[in-house]
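These notes concern the structure reproduced below.
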Amino acid sequence: MKPRRSILSVPGHLQKMHGKAQGSNADVIMLDLEDSVPIDEKTNARRQVIKSLLDLDWQLKTITVRVNSLDTPFAYRDLLEVAEEAGHIVEAFVLPKVNHPGDVYFADRLLSGIELNMKMYTPPIGLEASIETAEGLRNAAEIVRASERIQSLVFGIADYSASIGARLVSISGHGEKEEDLYPGHRWHFAISSMVMHAKAHGVLAIDAPYGNFKDPEGLRRSTVMASALGCDGKWAIHPSQIDVINEVFTPSADEIALAAKVIEANATAQSQGKGAIAVEGRMVDQATVRLASKLWQQAKYLKLV
């Protein structure tokens with residue numbers, strides 16, 4: 001799977017932003033039909049997203065579409081119309097506020113029917129499940145294995161905060177000023193739990209956006225923490241956030257050099273029939289070899305090696 005370091009969320013009804021997003025450095029462009037679109041613009045946004053998908057050249061980008069929540073009258077039309085008319089361009093649909101594996105079952109079956117009808121057999125359209133409530137986090141193990149279409153779990157910080165009755169410390173509710181309230185990482189358990197379920201089933205874990213796009217240092221702290229907890233990428237709500245997010249989630253030269261040493265040492269040990277691997281005087285196990293191999297593949301894709 002291509003790296004998903006940065007995912008730029010773009011309002012579906014604002015055509016002028018679509019072309020700008022296409023030319024950005026974001027790994028993923030997520031055309032949004034949910035929170036960023038007013039109720040009276042939902043139908044127009046859906047039509048505009050389809051038009052932009054068909055009219056613009058997205059070959060250099062991974063494209064996802066966030067549909068409305070499945071408990072609204074808009075979601076089934078979002079899936080049906082976008083998948084039928086532009087499903088060949090969409091990498092995955094993002095399902096917001098997934099509380100139960102039944103949400104995934106529904107989207108999976110609907111997309112299967114659309115693919116059969118449109119003769120779109122490979123690759124199947126993916127799904128990304130947003131974990132945004134206490135119920136969703138509790139059911140994450142069942143949600144992530146509900147369909148082979150699942151490509152990632154995504155943490156939704158604002159709605160999760162509301163679902164557990166957490167204190168509001170910022171205007172956006174998206175991660176800034178946390179240190180004013182809690183002496184540590186307030187969302188450590190929730191994000192770590194989501195990451196665990198994602199990685200146990202071989203899918204990506206994506207962190208929530210950082211709300212204050214005029215605070216690059218706060219964004220960096222938030223992104224570094226997400227990376228440290230095992231997230232593979234982070235949503236961005238403004239193009240100015242993309243470079244910081246990409247930088248944090250891009251392997252450094254030192255990391256790449258160390259990965260090369262681990263991979264080379266492992267290859268040498270295997271050729272000699274040895275089970276133990278030593279790098280720079282330290283024993284290295286196969287888990288570290290897998291981490292090194294994953295980092296090396298990402299570096300190759302990003303043309304860093």
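In the structure tokens, chains take letters A, B, ... by order of appearance, with residues numbered from 1 within each chain and ligands from 1 in the order shown.
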
Env of Ala190 in chain A: 12 Å cut, atoms = only C-alpha atoms, seq-sep filter 6 positions within chain, self excluded. Answer as a PDB file with N, CA and C atoms, in the first residue's frame.
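This is the output file around04.pdb:
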```pdb
ATOM      1  N   ILE A 131     -12.891   5.628  14.066  1.00  0.00           N
ATOM      2  CA  ILE A 131     -13.227   5.293  15.448  1.00  0.00           C
ATOM      3  C   ILE A 131     -13.395   6.604  16.197  1.00  0.00           C
ATOM      4  N   GLU A 132     -14.642   6.968  16.480  1.00  0.00           N
ATOM      5  CA  GLU A 132     -14.929   8.299  17.005  1.00  0.00           C
ATOM      6  C   GLU A 132     -15.766   8.285  18.280  1.00  0.00           C
ATOM      7  N   THR A 133     -16.036   7.114  18.817  1.00  0.00           N
ATOM      8  CA  THR A 133     -16.858   7.016  20.023  1.00  0.00           C
ATOM      9  C   THR A 133     -16.309   5.925  20.928  1.00  0.00           C
ATOM     10  N   ALA A 134     -16.767   5.960  22.177  1.00  0.00           N
ATOM     11  CA  ALA A 134     -16.382   4.904  23.105  1.00  0.00           C
ATOM     12  C   ALA A 134     -16.865   3.548  22.606  1.00  0.00           C
ATOM     13  N   GLU A 135     -18.070   3.512  22.062  1.00  0.00           N
ATOM     14  CA  GLU A 135     -18.607   2.266  21.529  1.00  0.00           C
ATOM     15  C   GLU A 135     -17.765   1.771  20.357  1.00  0.00           C
ATOM     16  N   GLY A 136     -17.359   2.683  19.486  1.00  0.00           N
ATOM     17  CA  GLY A 136     -16.534   2.295  18.352  1.00  0.00           C
ATOM     18  C   GLY A 136     -15.200   1.723  18.786  1.00  0.00           C
ATOM     19  N   LEU A 137     -14.560   2.345  19.784  1.00  0.00           N
ATOM     20  CA  LEU A 137     -13.279   1.829  20.269  1.00  0.00           C
ATOM     21  C   LEU A 137     -13.458   0.468  20.922  1.00  0.00           C
ATOM     22  N   ARG A 138     -14.540   0.308  21.682  1.00  0.00           N
ATOM     23  CA  ARG A 138     -14.808  -0.984  22.316  1.00  0.00           C
ATOM     24  C   ARG A 138     -14.988  -2.087  21.271  1.00  0.00           C
ATOM     25  N   ALA A 140     -13.680  -2.100  18.195  1.00  0.00           N
ATOM     26  CA  ALA A 140     -12.689  -1.965  17.125  1.00  0.00           C
ATOM     27  C   ALA A 140     -12.180  -3.309  16.615  1.00  0.00           C
ATOM     28  N   VAL A 154      -9.136   5.073  11.724  1.00  0.00           N
ATOM     29  CA  VAL A 154      -8.822   6.498  11.858  1.00  0.00           C
ATOM     30  C   VAL A 154      -9.390   7.000  13.186  1.00  0.00           C
ATOM     31  N   PHE A 155      -8.574   7.723  13.953  1.00  0.00           N
ATOM     32  CA  PHE A 155      -9.029   8.250  15.233  1.00  0.00           C
ATOM     33  C   PHE A 155      -9.734   9.579  15.030  1.00  0.00           C
ATOM     34  N   GLY A 156     -10.959   9.701  15.540  1.00  0.00           N
ATOM     35  CA  GLY A 156     -11.708  10.949  15.476  1.00  0.00           C
ATOM     36  C   GLY A 156     -11.755  11.603  16.845  1.00  0.00           C
ATOM     37  N   ILE A 157     -10.862  12.545  17.082  1.00  0.00           N
ATOM     38  CA  ILE A 157     -10.642  13.059  18.430  1.00  0.00           C
ATOM     39  C   ILE A 157     -11.820  13.876  18.961  1.00  0.00           C
ATOM     40  N   TYR A 160     -14.863  11.606  19.683  1.00  0.00           N
ATOM     41  CA  TYR A 160     -14.509  10.699  20.787  1.00  0.00           C
ATOM     42  C   TYR A 160     -14.540  11.452  22.114  1.00  0.00           C
ATOM     43  N   SER A 161     -13.999  12.675  22.105  1.00  0.00           N
ATOM     44  CA  SER A 161     -14.028  13.495  23.322  1.00  0.00           C
ATOM     45  C   SER A 161     -15.457  13.696  23.803  1.00  0.00           C
ATOM     46  N   ILE A 164     -17.164  10.525  25.433  1.00  0.00           N
ATOM     47  CA  ILE A 164     -16.772  10.133  26.796  1.00  0.00           C
ATOM     48  C   ILE A 164     -16.945  11.277  27.793  1.00  0.00           C
ATOM     49  N   MET A 196      -3.317  -0.823  18.097  1.00  0.00           N
ATOM     50  CA  MET A 196      -3.163  -2.257  18.350  1.00  0.00           C
ATOM     51  C   MET A 196      -4.109  -3.069  17.479  1.00  0.00           C
ATOM     52  N   HIS A 197      -5.386  -2.675  17.428  1.00  0.00           N
ATOM     53  CA  HIS A 197      -6.362  -3.424  16.630  1.00  0.00           C
ATOM     54  C   HIS A 197      -6.038  -3.314  15.140  1.00  0.00           C
ATOM     55  N   ALA A 205      -3.018   2.726  10.711  1.00  0.00           N
ATOM     56  CA  ALA A 205      -3.634   3.512  11.785  1.00  0.00           C
ATOM     57  C   ALA A 205      -3.353   4.982  11.497  1.00  0.00           C
ATOM     58  N   ASP A 207      -3.984   9.111  12.546  1.00  0.00           N
ATOM     59  CA  ASP A 207      -4.324  10.005  13.652  1.00  0.00           C
ATOM     60  C   ASP A 207      -5.257  11.127  13.190  1.00  0.00           C
ATOM     61  N   ALA A 208      -5.953  11.698  14.149  1.00  0.00           N
ATOM     62  CA  ALA A 208      -6.883  12.814  13.899  1.00  0.00           C
ATOM     63  C   ALA A 208      -6.111  14.074  13.510  1.00  0.00           C
ATOM     64  N   ALA A 226       1.945  10.905  17.642  1.00  0.00           N
ATOM     65  CA  ALA A 226       1.190   9.910  16.877  1.00  0.00           C
ATOM     66  C   ALA A 226       2.123   8.888  16.245  1.00  0.00           C
ATOM     67  N   LEU A 229       3.428   6.439  18.773  1.00  0.00           N
ATOM     68  CA  LEU A 229       2.436   5.458  19.201  1.00  0.00           C
ATOM     69  C   LEU A 229       2.131   4.420  18.116  1.00  0.00           C
TER      70      LEU A 229
END
```

10 Å contact set for Asp57 in chain A, only C-alpha atoms, chain neighbours under 4 positions out, as a list in words: Gly19, Gln22, Gly23, Ser52, Leu53, Lys61 and Ile89 of chain A

Long-range neighbours of range 32-45 of chain A as a ChimeraX atom specification, 9 Å cut-off, only C-alpha atoms, 2 positions minimum in chain: /A:9-15,30,47-50,64-69,74-75,78,94,96

Top pick for closest residue to Ser240 in chain A, considering A:Thr288, A:Asn25, A:Lys16, A:Leu110 and counting only C-alpha atoms: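 With only C-alpha atoms as the atom set, the closest residue is A:Asn25.
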
Contacts of Cys231 in chain A within 10 Å, only C-alpha atoms, excl. fewer than 2 positions in-chain, as a list of chain:residue names: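 Within the cut-off, the hits are A:Arg5, A:Leu153, A:Val154, A:Phe155, A:Ile191, A:Ser192, A:Met194, A:Val195, A:Met196, A:Ala198, A:Lys199, A:Leu204, A:Ala205, A:Ile206, A:Asp207, A:Thr223, A:Val224, A:Met225, A:Ala226, A:Ser227, A:Ala228, A:Leu229, A:Gly233, A:Lys234, A:Phe249.
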
Straight-line distance linking CA of Leu219 in chain A with CA of Ser130 in chain A, stated in Å to one decimal: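 According to the coordinates, CA of Leu219 in chain A and CA of Ser130 in chain A are separated by 20.5 Å.
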
Residue with smallest distance to Gln297 in chain A - pool A:Lys97, A:Arg77, A:His185, A:Lys2, counting only C-alpha atoms: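 Under the stated criterion, the closest residue is A:Lys2.
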
Test item, alpha helix (DSSP H) assignment across range 108-180 of chain A, answer as a PyMOL selection string: chain A and resi 108-118+134-138+140-144+157-164

Selection: 12 Å around Ala267 in chain A, only C-alpha atoms, excl. self and same-chain fewer than 6 positions, as a VMD selection string: chain A and resid 260 to 261 273 to 278 286 289 293

Go ahead and save the residues from that selection, with C-alpha atoms, as a PDB file, in the first residue's frame.
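Writing the result to result25.pdb gives the following:
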```pdb
ATOM      1  CA  ALA A 260      19.965  -1.142   5.645  1.00  0.00           C
ATOM      2  CA  LYS A 261      22.401  -2.527   8.228  1.00  0.00           C
ATOM      3  CA  GLY A 273      22.492 -20.678   8.316  1.00  0.00           C
ATOM      4  CA  LYS A 274      22.648 -18.598  11.473  1.00  0.00           C
ATOM      5  CA  GLY A 275      19.604 -17.738  13.549  1.00  0.00           C
ATOM      6  CA  ALA A 276      21.093 -14.913  15.607  1.00  0.00           C
ATOM      7  CA  ILE A 277      21.728 -11.482  14.108  1.00  0.00           C
ATOM      8  CA  ALA A 278      24.067  -8.857  15.545  1.00  0.00           C
ATOM      9  CA  GLN A 286      12.995 -10.868  13.543  1.00  0.00           C
ATOM     10  CA  VAL A 289      13.988  -7.091  10.808  1.00  0.00           C
ATOM     11  CA  SER A 293      12.060  -3.969   5.945  1.00  0.00           C
TER      12      SER A 293
END
```

Backbone DSSP call of strand (DSSP E) for range 169-303 of chain A, listed as a PyMOL selection string: chain A and resi 204-207+233-236+277-279+282-284

Just N, CA and C atoms for this one: save the residues we selected as an mmCIF file, in the first residue's frame.
```cif
data_model
loop_
_atom_site.group_PDB
_atom_site.id
_atom_site.type_symbol
_atom_site.label_atom_id
_atom_site.label_comp_id
_atom_site.auth_asym_id
_atom_site.auth_seq_id
_atom_site.Cartn_x
_atom_site.Cartn_y
_atom_site.Cartn_z
ATOM 1 N N LEU A 204 -3.584 0.062 8.321
ATOM 2 C CA LEU A 204 -2.952 1.280 8.789
ATOM 3 C C LEU A 204 -3.730 1.907 9.949
ATOM 4 N N ALA A 205 -3.018 2.726 10.711
ATOM 5 C CA ALA A 205 -3.634 3.512 11.785
ATOM 6 C C ALA A 205 -3.353 4.982 11.497
ATOM 7 N N ILE A 206 -4.408 5.793 11.458
ATOM 8 C CA ILE A 206 -4.279 7.204 11.081
ATOM 9 C C ILE A 206 -4.764 8.088 12.228
ATOM 10 N N ASP A 207 -3.984 9.111 12.546
ATOM 11 C CA ASP A 207 -4.324 10.005 13.652
ATOM 12 C C ASP A 207 -5.257 11.127 13.190
ATOM 13 N N GLY A 233 0.085 7.812 9.722
ATOM 14 C CA GLY A 233 -0.158 9.103 9.094
ATOM 15 C C GLY A 233 -1.129 9.913 9.922
ATOM 16 N N LYS A 234 -1.453 11.104 9.405
ATOM 17 C CA LYS A 234 -2.304 12.034 10.157
ATOM 18 C C LYS A 234 -3.106 12.869 9.180
ATOM 19 N N TRP A 235 -4.338 13.144 9.522
ATOM 20 C CA TRP A 235 -5.167 14.031 8.715
ATOM 21 C C TRP A 235 -4.664 15.463 8.839
ATOM 22 N N ALA A 236 -4.848 16.223 7.769
ATOM 23 C CA ALA A 236 -4.555 17.656 7.759
ATOM 24 C C ALA A 236 -5.821 18.397 7.354
ATOM 25 N N ILE A 277 21.245 -12.612 14.901
ATOM 26 C CA ILE A 277 21.728 -11.482 14.108
ATOM 27 C C ILE A 277 22.288 -10.438 15.066
ATOM 28 N N ALA A 278 23.472 -9.921 14.738
ATOM 29 C CA ALA A 278 24.067 -8.857 15.545
ATOM 30 C C ALA A 278 24.318 -7.639 14.677
ATOM 31 N N VAL A 279 23.912 -6.486 15.163
ATOM 32 C CA VAL A 279 24.143 -5.225 14.470
ATOM 33 C C VAL A 279 24.717 -4.234 15.475
ATOM 34 N N ARG A 282 24.722 -5.328 19.043
ATOM 35 C CA ARG A 282 23.466 -5.659 19.715
ATOM 36 C C ARG A 282 22.747 -6.758 18.952
ATOM 37 N N MET A 283 22.119 -7.652 19.719
ATOM 38 C CA MET A 283 21.336 -8.722 19.102
ATOM 39 C C MET A 283 20.033 -8.152 18.556
ATOM 40 N N VAL A 284 19.667 -8.629 17.374
ATOM 41 C CA VAL A 284 18.470 -8.137 16.692
ATOM 42 C C VAL A 284 17.547 -9.308 16.402
#
```

Counting only C-alpha atoms, the option among A:Ser252, A:Gln59, A:Asn139, A:Ser222 closest to Gln298 in chain A: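 Closest to Gln298 in chain A, using only C-alpha atoms: A:Ser252.
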
Among the residues A:Ala141, A:Val98, A:Ala292, A:Ala287, the one that comes closest to Leu258 in chain A [using only C-alpha atoms]: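 Answer, going by the shortest atom-to-atom distance: A:Ala292.
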